Amino acid sequence: MNASVDPRVERIASHPVYRRLRQSRNRLGWILTVLMLLAYYGYIGLIAFDKAFLATPLGVGRITTIGIPIALGLMVFTILITGFYVRRANKEFDQLTQQIVEDAQ
């Protein structure tokens with residue numbers, strides 16, 4: 001079965017809900033990608049250009065430096081935006097996909 005002549009593919013590709021789904025999913029993906037790149041490259045930039053700041057102790061006589069909570073925050077940020085994407089995909093994107101499949105049959 002050739003996908004380019006399959007009428008179901010044509011119906012799905014021209015479906016307005018499919019276009020909305022694609023646009024919304026792509027926009028969210030790019031936004032989250034940019035946020036992750038800014039966060040990670042920002043941290044790497046701090047490592048490269050301001051090691052003294054990251055080496056600043058959190059208190060007098062303390063071993064832990066400010067770089068540790070920043071790195072942990074970066075990990076938490078990663079988990080949070082992943083959870084945000086999964087939640088949105090499960091709520092909005094899956095519903096739109098189901099609607100498209102029902103309409104295409």
# chains A, B, ... in the order shown; residues from 1 in each chain; ligands from 1

$ select_by_dssp --residues "chain A" --states "helix (DSSP H, G or I)" --output "JSON, numbers by chain"
{"A": [7, 8, 9, 10, 11, 12, 13, 14, 16, 17, 18, 19, 20, 21, 22, 23, 24, 25, 26, 27, 28, 29, 30, 31, 32, 33, 34, 35, 36, 37, 38, 39, 40, 41, 42, 43, 44, 45, 46, 47, 48, 49, 51, 52, 53, 54, 67, 68, 69, 70, 71, 72, 73, 74, 75, 76, 77, 78, 79, 80, 81, 82, 83, 84, 85, 86, 87, 88, 89, 90, 91, 92, 93, 94, 95, 96, 97, 98, 99, 100, 101, 102, 103, 104]}

$ residues_around --residues "A:Thr56" --least-positions-apart "2" --cutoff "8 Å" --atoms "only C-alpha atoms" --output "list in words"
Ala52, Phe53, Leu54, Leu58, Thr65, Ile66 and Gly67 of chain A

$ residues_around --residues "stretch 68-84 of chain A" --least-positions-apart "2" --cutoff "8 Å" --atoms "only C-alpha atoms" --output "short mmCIF file (atom, residue, chain, number, x, y, z; two decimals) with C-alpha atoms, in the first residue's frame"
data_model
loop_
_atom_site.label_atom_id
_atom_site.label_comp_id
_atom_site.auth_asym_id
_atom_site.auth_seq_id
_atom_site.Cartn_x
_atom_site.Cartn_y
_atom_site.Cartn_z
CA LEU A 32 11.17 23.13 25.63
CA MET A 36 16.87 23.04 27.96
CA ALA A 39 19.77 25.91 30.98
CA TYR A 40 22.50 23.43 30.09
CA TYR A 43 25.57 25.99 33.34
CA THR A 64 29.33 22.38 49.60
CA THR A 65 29.69 25.06 46.97
CA ILE A 66 27.03 26.96 45.08
CA VAL A 86 4.23 14.09 29.19
CA ARG A 87 1.22 15.58 30.99
CA ARG A 88 0.35 17.79 28.04
#

$ atom_distance --atom1 "atom CA of A:Arg22" --atom2 "atom CA of A:Gln98"
13.7 Å

$ residues_around --residues "A:Phe93" --least-positions-apart "6" --cutoff "12 Å" --atoms "only C-alpha atoms" --output "short mmCIF file (atom, residue, chain, number, x, y, z; two decimals) with all heavy atoms, in the first residue's frame"
data_model
loop_
_atom_site.label_atom_id
_atom_site.label_comp_id
_atom_site.auth_asym_id
_atom_site.auth_seq_id
_atom_site.Cartn_x
_atom_site.Cartn_y
_atom_site.Cartn_z
N VAL A 17 -7.79 19.42 12.57
CA VAL A 17 -7.33 19.04 13.91
C VAL A 17 -5.91 18.50 13.86
O VAL A 17 -5.10 18.76 14.74
CB VAL A 17 -8.30 18.02 14.56
CG1 VAL A 17 -7.78 17.55 15.90
CG2 VAL A 17 -9.68 18.62 14.70
N TYR A 18 -5.58 17.76 12.79
CA TYR A 18 -4.22 17.25 12.62
C TYR A 18 -3.24 18.40 12.46
O TYR A 18 -2.16 18.40 13.04
CB TYR A 18 -4.15 16.31 11.41
CG TYR A 18 -2.75 15.86 11.10
CD1 TYR A 18 -2.08 14.97 11.92
CD2 TYR A 18 -2.08 16.34 9.98
CE1 TYR A 18 -0.80 14.56 11.66
CE2 TYR A 18 -0.79 15.94 9.70
CZ TYR A 18 -0.15 15.06 10.54
OH TYR A 18 1.13 14.66 10.26
N ARG A 19 -3.61 19.39 11.68
CA ARG A 19 -2.74 20.56 11.52
C ARG A 19 -2.53 21.27 12.85
O ARG A 19 -1.41 21.69 13.17
CB ARG A 19 -3.33 21.51 10.49
CG ARG A 19 -3.28 20.97 9.08
CD ARG A 19 -3.78 21.99 8.10
NE ARG A 19 -3.87 21.40 6.78
CZ ARG A 19 -4.77 21.72 5.89
NH1 ARG A 19 -5.68 22.64 6.17
NH2 ARG A 19 -4.79 21.14 4.72
N ARG A 20 -3.60 21.41 13.60
CA ARG A 20 -3.49 22.05 14.93
C ARG A 20 -2.61 21.23 15.86
O ARG A 20 -1.78 21.77 16.58
CB ARG A 20 -4.87 22.25 15.53
CG ARG A 20 -4.85 23.13 16.77
CD ARG A 20 -6.23 23.39 17.28
NE ARG A 20 -6.61 22.25 18.10
CZ ARG A 20 -7.87 21.92 18.39
NH1 ARG A 20 -8.85 22.61 17.92
NH2 ARG A 20 -8.12 20.88 19.16
N LEU A 21 -2.79 19.91 15.84
CA LEU A 21 -1.96 19.02 16.66
C LEU A 21 -0.49 19.15 16.29
O LEU A 21 0.36 19.29 17.16
CB LEU A 21 -2.42 17.57 16.48
CG LEU A 21 -1.51 16.49 17.07
CD1 LEU A 21 -1.47 16.60 18.59
CD2 LEU A 21 -1.98 15.11 16.64
N ARG A 22 -0.20 19.10 15.01
CA ARG A 22 1.19 19.20 14.56
C ARG A 22 1.81 20.54 14.95
O ARG A 22 2.93 20.59 15.46
CB ARG A 22 1.24 19.05 13.04
CG ARG A 22 2.14 17.94 12.59
CD ARG A 22 2.20 17.79 11.11
NE ARG A 22 2.57 19.04 10.47
CZ ARG A 22 2.37 19.29 9.20
NH1 ARG A 22 1.79 18.41 8.44
NH2 ARG A 22 2.75 20.43 8.67
N GLN A 23 1.08 21.61 14.75
CA GLN A 23 1.58 22.94 15.07
C GLN A 23 1.81 23.09 16.58
O GLN A 23 2.86 23.58 17.01
CB GLN A 23 0.62 24.01 14.58
CG GLN A 23 1.08 25.42 14.85
CD GLN A 23 0.04 26.44 14.41
OE1 GLN A 23 -1.16 26.15 14.33
NE2 GLN A 23 0.50 27.64 14.12
N SER A 24 0.87 22.66 17.37
CA SER A 24 0.97 22.77 18.82
C SER A 24 2.11 21.92 19.37
O SER A 24 2.90 22.38 20.21
CB SER A 24 -0.36 22.36 19.45
OG SER A 24 -0.30 22.41 20.83
N ARG A 25 2.21 20.69 18.89
CA ARG A 25 3.27 19.79 19.36
C ARG A 25 4.65 20.29 18.96
O ARG A 25 5.58 20.27 19.76
CB ARG A 25 3.02 18.39 18.81
CG ARG A 25 3.88 17.32 19.43
CD ARG A 25 3.60 15.98 18.85
NE ARG A 25 3.83 16.04 17.41
CZ ARG A 25 3.24 15.27 16.52
NH1 ARG A 25 2.36 14.39 16.91
NH2 ARG A 25 3.52 15.38 15.24
N ASN A 26 4.78 20.78 17.73
CA ASN A 26 6.07 21.31 17.28
C ASN A 26 6.47 22.56 18.06
O ASN A 26 7.62 22.72 18.44
CB ASN A 26 6.03 21.61 15.78
CG ASN A 26 6.05 20.36 14.94
OD1 ASN A 26 6.42 19.29 15.41
ND2 ASN A 26 5.64 20.48 13.70
N LEU A 28 5.55 23.46 21.10
CA LEU A 28 5.93 23.07 22.46
C LEU A 28 7.31 22.41 22.47
O LEU A 28 8.13 22.69 23.34
CB LEU A 28 4.88 22.13 23.07
CG LEU A 28 5.19 21.65 24.48
CD1 LEU A 28 5.23 22.83 25.46
CD2 LEU A 28 4.18 20.61 24.92
N TYR A 85 5.79 18.01 29.59
CA TYR A 85 5.52 17.55 28.23
C TYR A 85 4.65 16.27 28.25
O TYR A 85 3.69 16.17 27.49
CB TYR A 85 6.80 17.27 27.46
CG TYR A 85 6.51 16.81 26.06
CD1 TYR A 85 6.26 17.73 25.06
CD2 TYR A 85 6.42 15.46 25.75
CE1 TYR A 85 5.94 17.31 23.77
CE2 TYR A 85 6.10 15.04 24.48
CZ TYR A 85 5.86 15.97 23.49
OH TYR A 85 5.53 15.56 22.23
N VAL A 86 4.99 15.34 29.11
CA VAL A 86 4.23 14.09 29.19
C VAL A 86 2.78 14.37 29.59
O VAL A 86 1.85 13.80 29.01
CB VAL A 86 4.91 13.10 30.18
CG1 VAL A 86 4.00 11.94 30.50
CG2 VAL A 86 6.23 12.63 29.62
N ARG A 87 2.59 15.24 30.56
CA ARG A 87 1.22 15.58 30.99
C ARG A 87 0.42 16.21 29.85
O ARG A 87 -0.73 15.85 29.61
CB ARG A 87 1.30 16.52 32.19
CG ARG A 87 -0.05 16.85 32.75
CD ARG A 87 0.09 17.65 34.02
NE ARG A 87 -1.22 18.01 34.49
CZ ARG A 87 -1.49 19.11 35.15
NH1 ARG A 87 -0.52 19.95 35.45
NH2 ARG A 87 -2.69 19.37 35.55
N GLN A 99 -9.32 11.91 18.20
CA GLN A 99 -10.34 12.57 17.38
C GLN A 99 -10.01 12.44 15.90
O GLN A 99 -10.89 12.16 15.07
CB GLN A 99 -10.45 14.05 17.77
CG GLN A 99 -11.48 14.81 17.00
CD GLN A 99 -11.54 16.28 17.39
OE1 GLN A 99 -10.86 16.69 18.33
NE2 GLN A 99 -12.31 17.04 16.67
N ILE A 100 -8.76 12.60 15.54
CA ILE A 100 -8.33 12.47 14.15
C ILE A 100 -8.55 11.05 13.65
O ILE A 100 -9.06 10.84 12.55
CB ILE A 100 -6.85 12.88 14.01
CG1 ILE A 100 -6.67 14.36 14.30
CG2 ILE A 100 -6.32 12.54 12.62
CD1 ILE A 100 -5.24 14.78 14.53
#
